[in-house]
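Engineer: Structure in structure tokens, see below.
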Amino acid sequence: MPSDVRVTSNLKGLEQLQKNLKTKLVAKLGIFASDNSRDDGGKTNAEIGAEHEFGVLSEGKPRRSFLKDPLEIKRKELLETANKVIKANIVKPDGARKIFELIGIAGEAIVQEAFESGGFGTWKPLSDFTIAKKGSDQILIETSQLRRSVISKVEKGE
């Protein structure tokens, strides 16, 4: 007796998953050449950023990491966000790119929060001399050019 059962399968989601998993992309976060110059024409944002990220003992500038340390401090939250983003986008067309874009944006948000919170309370306070000189006790915020120069981007990986 012939069967009236018909079996079909839709593998489009699986095919897209395979494609997304083969995509070699990376999310980069930092200060890039396009956002490097400053209005005053002095040091670049990258130069100023490096001074603060690593410190310059010879000039009395303590280390105030606004990239590495904040991402490490908020690593668990960033990984939770990445997990949600992956689940929501892994089978979508161009999902791989979207995943990396959203993870980069989450990294940007952590860096901005570090600027607002003094590196989540880890940055050495400004000296009284520096506060009097700049007229503010906000750490790493004078013109906000450094803060605005930190962005993320997605590039092809190796």
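Chain labels A, B, ... are given in the sequence in which chains occur in the structure tokens; within each chain residues are numbered consecutively from 1, and ligands are likewise numbered from 1 in the order shown.
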Excluding region 119-123 of chain A and any residue of its chain fewer than 4 positions from it, enumerate the residues within 8 Å of it, using only C-alpha atoms, and give them as a ChimeraX atom specification.
Structural biologist: /A:63-66,69-70,113-115,139
Engineer: Could you list, as a PyMOL selection string, every residue within 12 Å of Phe32 (chain A), counting only C-alpha atoms and ignoring same-chain residues fewer than 3 positions away?
Structural biologist: chain A and resi 28-29+35-37+44-47+49+146+148-153
Engineer: What does the file look like for those residues with all heavy atoms, as a compact mmCIF listing (two decimals), in the first residue's frame?
Structural biologist:
# COMPACT_ATOMS: atom_id res chain seq x y z
N LYS A 28 37.19 45.02 16.35
CA LYS A 28 38.31 45.77 16.93
C LYS A 28 37.75 46.98 17.66
O LYS A 28 36.80 47.60 17.19
CB LYS A 28 39.29 46.21 15.85
CG LYS A 28 40.01 45.04 15.19
CD LYS A 28 41.04 45.52 14.21
CE LYS A 28 41.81 44.34 13.62
NZ LYS A 28 42.86 44.81 12.71
N LEU A 29 38.36 47.30 18.77
CA LEU A 29 37.93 48.44 19.59
C LEU A 29 39.15 49.25 19.93
O LEU A 29 40.15 48.71 20.40
CB LEU A 29 37.26 47.92 20.87
CG LEU A 29 36.81 48.94 21.90
CD1 LEU A 29 35.66 49.78 21.34
CD2 LEU A 29 36.38 48.25 23.18
N ASP A 35 39.86 58.65 13.39
CA ASP A 35 39.40 59.43 14.54
C ASP A 35 40.57 59.80 15.46
O ASP A 35 40.41 59.94 16.65
CB ASP A 35 38.37 58.61 15.35
CG ASP A 35 37.11 58.39 14.56
OD1 ASP A 35 36.48 59.39 14.20
OD2 ASP A 35 36.78 57.23 14.29
N ASN A 36 41.72 60.00 14.88
CA ASN A 36 42.94 60.17 15.64
C ASN A 36 43.33 61.61 15.89
O ASN A 36 43.92 61.93 16.91
CB ASN A 36 44.06 59.43 14.89
CG ASN A 36 45.24 59.14 15.77
OD1 ASN A 36 45.22 59.31 16.97
ND2 ASN A 36 46.31 58.68 15.14
N SER A 37 43.03 62.51 14.96
CA SER A 37 43.49 63.90 15.11
C SER A 37 42.64 64.65 16.13
O SER A 37 41.53 64.25 16.47
CB SER A 37 43.47 64.61 13.76
OG SER A 37 42.14 64.69 13.29
N THR A 44 48.08 63.41 18.97
CA THR A 44 46.90 62.72 18.45
C THR A 44 46.16 62.04 19.61
O THR A 44 46.71 61.85 20.69
CB THR A 44 47.29 61.65 17.41
OG1 THR A 44 48.05 60.64 18.07
CG2 THR A 44 48.08 62.26 16.26
N ASN A 45 44.92 61.67 19.34
CA ASN A 45 44.16 60.92 20.34
C ASN A 45 44.86 59.61 20.68
O ASN A 45 44.85 59.18 21.84
CB ASN A 45 42.74 60.65 19.85
CG ASN A 45 41.88 61.88 19.93
OD1 ASN A 45 41.87 62.58 20.93
ND2 ASN A 45 41.15 62.16 18.86
N ALA A 46 45.47 58.97 19.70
CA ALA A 46 46.18 57.71 19.95
C ALA A 46 47.37 57.94 20.87
O ALA A 46 47.62 57.13 21.78
CB ALA A 46 46.64 57.08 18.64
N GLU A 47 48.11 59.02 20.67
CA GLU A 47 49.25 59.32 21.54
C GLU A 47 48.79 59.62 22.97
O GLU A 47 49.36 59.09 23.94
CB GLU A 47 50.03 60.52 20.99
CG GLU A 47 50.77 60.21 19.71
CD GLU A 47 51.32 61.45 19.01
OE1 GLU A 47 50.71 62.54 19.12
OE2 GLU A 47 52.36 61.31 18.36
N GLY A 49 45.92 58.72 24.28
CA GLY A 49 45.35 57.49 24.80
C GLY A 49 46.41 56.53 25.30
O GLY A 49 46.26 55.93 26.38
N LEU A 146 39.23 62.56 23.29
CA LEU A 146 39.76 61.21 23.47
C LEU A 146 38.62 60.23 23.61
O LEU A 146 38.58 59.20 22.94
CB LEU A 146 40.67 61.15 24.71
CG LEU A 146 41.19 59.76 25.08
CD1 LEU A 146 42.09 59.21 23.98
CD2 LEU A 146 41.94 59.82 26.41
N ARG A 148 35.52 60.43 22.62
CA ARG A 148 34.76 60.26 21.38
C ARG A 148 35.54 59.50 20.31
O ARG A 148 34.95 58.97 19.36
CB ARG A 148 34.34 61.62 20.83
CG ARG A 148 33.23 62.29 21.59
CD ARG A 148 32.66 63.50 20.85
NE ARG A 148 33.67 64.41 20.34
CZ ARG A 148 34.09 65.51 20.96
NH1 ARG A 148 33.59 65.85 22.13
NH2 ARG A 148 35.00 66.29 20.42
N SER A 149 36.85 59.43 20.45
CA SER A 149 37.66 58.77 19.42
C SER A 149 37.66 57.24 19.57
O SER A 149 38.10 56.55 18.65
CB SER A 149 39.09 59.29 19.47
OG SER A 149 39.78 58.82 20.61
N VAL A 150 37.17 56.71 20.67
CA VAL A 150 37.17 55.26 20.87
C VAL A 150 35.94 54.68 20.18
O VAL A 150 34.80 54.99 20.53
CB VAL A 150 37.15 54.90 22.37
CG1 VAL A 150 37.10 53.39 22.55
CG2 VAL A 150 38.36 55.48 23.08
N ILE A 151 36.20 53.86 19.16
CA ILE A 151 35.13 53.25 18.38
C ILE A 151 35.44 51.79 18.12
O ILE A 151 36.55 51.33 18.39
CB ILE A 151 34.91 53.99 17.04
CG1 ILE A 151 36.17 53.93 16.17
CG2 ILE A 151 34.45 55.43 17.26
CD1 ILE A 151 35.97 54.37 14.74
N SER A 152 34.46 51.08 17.58
CA SER A 152 34.69 49.71 17.17
C SER A 152 34.46 49.60 15.67
O SER A 152 33.77 50.43 15.08
CB SER A 152 33.75 48.76 17.92
OG SER A 152 32.41 49.03 17.59
N LYS A 153 35.06 48.57 15.10
CA LYS A 153 34.82 48.28 13.70
C LYS A 153 35.03 46.79 13.45
O LYS A 153 35.72 46.12 14.23
CB LYS A 153 35.72 49.13 12.78
CG LYS A 153 37.19 48.92 12.92
CD LYS A 153 37.94 49.86 11.98
CE LYS A 153 39.45 49.70 12.11
NZ LYS A 153 40.15 50.56 11.15
Engineer: Quick check, in Å to one decimal: how far apart do CA of Ile31 (chain A) and CA of Lys133 (chain A) lie?
Structural biologist: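 Those two atoms sit 26.5 Å apart.
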Engineer: Looking at only C-alpha atoms, which of A:Val91, A:Leu78, A:Lys134, A:Gln145 is the one that sits closest to Ile105 (chain A)?
Structural biologist: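 Distance minimum relative to Ile105 (chain A) lands on A:Leu78.
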Engineer: Name the residues of chain A that fall into helix (DSSP H, G or I) according to DSSP on the backbone, using the chain letters and numbers of this document, as a count of residues only.
Structural biologist: 87
Engineer: Would you mind listing what lies within 10 Å of Lys24 (chain A) as a count of residues only, with only C-alpha atoms counted and same-chain residues fewer than 2 positions away left out?
Structural biologist: 10
Engineer: For each of A:Ser144, A:Ile110, A:Pro62, A:Lys84, take the minimum atom-to-atom distance to Ser127 (chain A), counting only C-alpha atoms, then give the residue where this is smallest.
Structural biologist: A:Pro62
Engineer: According to DSSP computed on the backbone, where in region 26-151 of chain A is there strand (DSSP E)? Give the residues as a PyMOL selection string.
Structural biologist: chain A and resi 26-31+150-151
Engineer: May I have the selected residues written with all heavy atoms, as a compact mmCIF listing (two decimals), in the first residue's frame?
Structural biologist:
# COMPACT_ATOMS: atom_id res chain seq x y z
N VAL A 26 36.67 39.89 12.71
CA VAL A 26 37.08 40.28 14.06
C VAL A 26 36.46 41.64 14.37
O VAL A 26 36.26 42.46 13.48
CB VAL A 26 38.62 40.37 14.21
CG1 VAL A 26 39.27 39.02 14.08
CG2 VAL A 26 39.22 41.35 13.22
N ALA A 27 36.15 41.84 15.64
CA ALA A 27 35.70 43.15 16.11
C ALA A 27 36.90 43.80 16.76
O ALA A 27 37.56 43.20 17.61
CB ALA A 27 34.55 43.00 17.10
N LYS A 28 37.19 45.02 16.35
CA LYS A 28 38.31 45.77 16.93
C LYS A 28 37.75 46.98 17.66
O LYS A 28 36.80 47.60 17.19
CB LYS A 28 39.29 46.21 15.85
CG LYS A 28 40.01 45.04 15.19
CD LYS A 28 41.04 45.52 14.21
CE LYS A 28 41.81 44.34 13.62
NZ LYS A 28 42.86 44.81 12.71
N LEU A 29 38.36 47.30 18.77
CA LEU A 29 37.93 48.44 19.59
C LEU A 29 39.15 49.25 19.93
O LEU A 29 40.15 48.71 20.40
CB LEU A 29 37.26 47.92 20.87
CG LEU A 29 36.81 48.94 21.90
CD1 LEU A 29 35.66 49.78 21.34
CD2 LEU A 29 36.38 48.25 23.18
N GLY A 30 39.08 50.55 19.68
CA GLY A 30 40.22 51.40 20.01
C GLY A 30 40.12 52.74 19.33
O GLY A 30 39.04 53.22 18.99
N ILE A 31 41.29 53.34 19.11
CA ILE A 31 41.39 54.64 18.45
C ILE A 31 42.04 54.37 17.09
O ILE A 31 43.17 53.92 17.02
CB ILE A 31 42.25 55.61 19.28
CG1 ILE A 31 41.63 55.81 20.65
CG2 ILE A 31 42.40 56.94 18.55
CD1 ILE A 31 42.52 56.53 21.65
N VAL A 150 37.17 56.71 20.67
CA VAL A 150 37.17 55.26 20.87
C VAL A 150 35.94 54.68 20.18
O VAL A 150 34.80 54.99 20.53
CB VAL A 150 37.15 54.90 22.37
CG1 VAL A 150 37.10 53.39 22.55
CG2 VAL A 150 38.36 55.48 23.08
N ILE A 151 36.20 53.86 19.16
CA ILE A 151 35.13 53.25 18.38
C ILE A 151 35.44 51.79 18.12
O ILE A 151 36.55 51.33 18.39
CB ILE A 151 34.91 53.99 17.04
CG1 ILE A 151 36.17 53.93 16.17
CG2 ILE A 151 34.45 55.43 17.26
CD1 ILE A 151 35.97 54.37 14.74
Engineer: Distance CA of Arg38 (chain A)-CA of Ile141 (chain A), one decimal place?
Structural biologist: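 A separation of 13.8 Å between them.
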Engineer: Report as a PDB file with N, CA and C atoms, in the first residue's frame all protein, DNA and RNA residues lying within 10 Å of Asn83 (chain A), evaluated on only C-alpha atoms, omitting residues in the same chain fewer than 6 positions from it.
Structural biologist:
ATOM      1  N   GLU A  77      30.005  40.379  31.847  1.00  0.00           N
ATOM      2  CA  GLU A  77      28.849  41.010  31.207  1.00  0.00           C
ATOM      3  C   GLU A  77      29.005  41.039  29.692  1.00  0.00           C
ATOM      4  N   ILE A  99      26.789  40.067  14.457  1.00  0.00           N
ATOM      5  CA  ILE A  99      27.288  39.619  15.758  1.00  0.00           C
ATOM      6  C   ILE A  99      28.502  40.436  16.170  1.00  0.00           C
ATOM      7  N   ILE A 103      28.853  43.139  19.290  1.00  0.00           N
ATOM      8  CA  ILE A 103      29.852  42.924  20.343  1.00  0.00           C
ATOM      9  C   ILE A 103      30.768  44.140  20.435  1.00  0.00           C
TER      10      ILE A 103
END
